[in-house]
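J.: Before we start, here is the structure in question, set down as structure tokens.
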Amino acid sequence: MDLFFGITSPAILIFAFLISILGGLIKGVVGFAMPTVLVSGLGSFATAEVALAGMIMPTLITNGWQALRQGPRAAIESLNKFRVFLLAGFVVMMLSAQLVPLVPGWLLLLVIGVLITLFITLQIQGIRLRLPGHPGRRTQVAIGGVTGFMGGISGIWGPPTVAMLTALDTEKKEQIRIQGVIYGLGSVTLVAAHWGSGVLRAETLPLSLALIPTAVLGMAIGFRIQDRIDQSTFKKATLAVLLIGGLNLIRRGLAG
């Protein structure tokens, strides 16, 4: 008898809890990557459906905490600062999602992975791709459009968003906060979409809820680490996680 839907033993459940702690810790330090960690980790012993469902509720709750950590007013200020980027990204995402049946998924992952890895490689070599500290409407529309296009056709918008914020030299607290706002809005949409799709349902919801406390614990630890590191160390940690993410996208693309 399963302890949770798709979880067949206490050992596997403990492993799932450890994965959620790790995902929360990384998210607490750099502000992203929890969905990747949870889906990859849970997917090593459960079906893709269970892994995806398990990721949804912890991601929703931690994104909310991340967005509101400095209070609602700060979150609203970040939302206003990047509202053009968000609007452009949303519109293009809705349009580009219609292209999914026409473009091979492996090709999209490969292209995104190569672009992200190239960006990080240039950063590591000291070639800084910087944007104005207060990007104008055209810049936000352009970057938001690219990010939305990637998100619509591949479901991946985290790395392009972080790459933009890194290029803007965004201060770490604001970068963490705006990521929380952006991903939080996406998480609400994700919950609605997968409740409708049947991925998140009465059988899979309990595991997703059970992973929330450990994800929050990991994130609390990650926040403590983030509070203690300076901007330079934060940027290096962000680039390291982005590089791993880019290489993983290339691997998935080449695997077909």
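Numbering starts fresh at 1 for the residues of each chain in the structure tokens, the chains themselves are lettered A, B, ... in the order given, and ligands are numbered from 1 as they appear.
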Quick one: residues within 12 Å of Leu243 of chain A, only C-alpha atoms, excluding same-chain residues fewer than 2 positions away - as a VMD selection string?
T.: chain A and resid 33 112 to 124 159 to 160 162 to 163 236 to 241 245 to 250
J.: List the spatial neighbours of Val91 of chain A as a list in words - criterion: any atom at most 10 Å away, only C-alpha atoms, same-chain residues fewer than 4 positions off excluded.
T.: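 Result of the neighbour search: Leu86, Leu87, Leu95, Ser96, Gly144, Gly145, Gly148, Phe149 and Gly152 of chain A.
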J.: Please identify all polymer residues within 12 Å of Thr161 of chain A, counting only C-alpha atoms, omitting same-chain residues fewer than 3 positions from it, and present them as number ranges by chain.
T.: A: 31-33, 82, 85-86, 89, 116, 140, 143-151, 156-158, 164-168, 170, 175-176, 178-183, 238, 242
J.: Dump C-alpha atoms for the selected residues as a compact mmCIF listing (two decimals), in the first residue's frame?
T.:
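Done, and the output landed in out-v4.txt:
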```txt
# COMPACT_ATOMS: atom_id res chain seq x y z
CA GLY A 31 15.81 32.59 -5.64
CA PHE A 32 15.10 29.90 -8.21
CA ALA A 33 15.65 26.26 -9.31
CA PHE A 82 9.00 45.39 -14.06
CA PHE A 85 8.46 43.18 -18.78
CA LEU A 86 5.76 41.07 -17.13
CA GLY A 89 6.15 38.28 -21.33
CA ILE A 116 21.97 30.39 -21.25
CA GLN A 140 11.64 45.57 -21.06
CA ILE A 143 13.49 41.00 -22.95
CA GLY A 144 9.98 40.21 -21.73
CA GLY A 145 9.06 39.08 -25.22
CA VAL A 146 12.08 36.76 -25.48
CA THR A 147 11.41 35.35 -22.01
CA GLY A 148 7.70 34.91 -22.72
CA PHE A 149 8.46 33.21 -26.02
CA MET A 150 10.75 30.72 -24.30
CA GLY A 151 8.22 30.16 -21.54
CA ILE A 156 10.89 27.32 -18.99
CA TRP A 157 11.13 31.00 -18.12
CA GLY A 158 13.26 30.98 -14.98
CA MET A 164 18.07 39.46 -17.37
CA LEU A 165 18.19 40.38 -13.69
CA THR A 166 21.88 39.45 -13.56
CA ALA A 167 22.62 41.61 -16.60
CA LEU A 168 20.83 44.47 -14.82
CA THR A 170 20.05 43.82 -9.66
CA GLN A 175 16.43 40.16 -7.37
CA ILE A 176 15.13 37.51 -4.97
CA ILE A 178 11.14 40.14 -8.14
CA GLN A 179 11.82 36.48 -8.90
CA GLY A 180 9.31 35.60 -6.19
CA VAL A 181 6.74 37.96 -7.72
CA ILE A 182 7.26 36.64 -11.25
CA TYR A 183 7.34 32.97 -10.28
CA THR A 238 23.49 32.53 -9.17
CA LEU A 242 22.35 28.97 -13.99
```
J.: Name the closest residue to Val50 of chain A among the candidates A:Ala215, A:Met93, A:Ala255, A:Ala16; distances are taken between atoms, counting only C-alpha atoms.
T.: A:Ala16
J.: By how many Å are atom CA of Glu49 of chain A and atom CA of Ala210 of chain A apart?
T.: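 Value for the atom CA of Glu49 of chain A-atom CA of Ala210 of chain A distance: 16.3 Å.
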J.: How close does segment 35-140 of chain A get to segment 196-205 of chain A? List, as a tab-separated table, each residue of segment 35-140 of chain A within 9 Å, its nearest atom pair and the distance in Å to one decimal, counting only C-alpha atoms.
T.:
```
residue	atom	partner	partner_atom	distance
A:Glu49	CA	A:Val199	CA	6.1
A:Val50	CA	A:Thr204	CA	6.5
A:Leu52	CA	A:Val199	CA	7.6
A:Ala53	CA	A:Leu200	CA	5.4
A:Gly54	CA	A:Thr204	CA	7.2
A:Ile56	CA	A:Leu200	CA	8.1
A:Met57	CA	A:Leu205	CA	8.2
```
J.: Using the selection just defined, write its residues with C-alpha atoms as an mmCIF file, in the first residue's frame.
T.:
```cif
data_model
loop_
_atom_site.group_PDB
_atom_site.id
_atom_site.type_symbol
_atom_site.label_atom_id
_atom_site.label_comp_id
_atom_site.auth_asym_id
_atom_site.auth_seq_id
_atom_site.Cartn_x
_atom_site.Cartn_y
_atom_site.Cartn_z
ATOM 1 C CA GLU A 49 2.951 12.994 -13.205
ATOM 2 C CA VAL A 50 3.702 12.417 -9.510
ATOM 3 C CA LEU A 52 5.131 17.380 -11.387
ATOM 4 C CA ALA A 53 2.238 17.277 -8.923
ATOM 5 C CA GLY A 54 4.616 17.032 -5.960
ATOM 6 C CA ILE A 56 3.360 22.412 -7.458
ATOM 7 C CA MET A 57 2.246 23.276 -3.901
#
```
J.: Please report, as a PyMOL selection string, each residue of segment 46-226 of chain A to which DSSP assigns helix (DSSP H, G or I) when run on this structure's backbone.
T.: chain A and resi 48-68+72-81+83-102+105-124+137-154+158-167+172-197+205-210+212-226
J.: With distances taken over only C-alpha atoms, which residue among A:Pro213, A:Pro35, A:Gly136, A:Gly6 lies nearest Ser187 of chain A?
T.: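 Closest to Ser187 of chain A of all the choices is A:Pro35.
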J.: Which is closest to Gln231 of chain A among A:Leu102, A:Val30, A:Leu211, A:Lys172, if we use only C-alpha atoms?
T.: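 Ranked by minimum distance to Gln231 of chain A, first place goes to A:Lys172.
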J.: Nearest residue to Thr59 of chain A out of A:Pro72, A:Gly184, A:Pro10, A:Gly43, using only C-alpha atoms?
T.: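 Residue with the minimum atom-to-atom distance to Thr59 of chain A: A:Gly184.
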J.: How many Å separate atom CA of Ser9 of chain A from atom CA of Ser44 of chain A?
T.: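 Going from atom CA of Ser9 of chain A over to atom CA of Ser44 of chain A, I get 14.5 Å.
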J.: Compare A:Ile61, A:Met34, A:Ile21, A:Ala51 by their minimum atom-to-atom distance to Leu185 of chain A, counting only C-alpha atoms, and give me the closest one.
T.: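 Result for the nearest residue to Leu185 of chain A: A:Ile61.
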J.: Could you tell me which of A:Trp195, A:Phe90, A:Phe17, A:Phe234 comes closest to Thr214 of chain A if we count only C-alpha atoms?
T.: A:Phe17
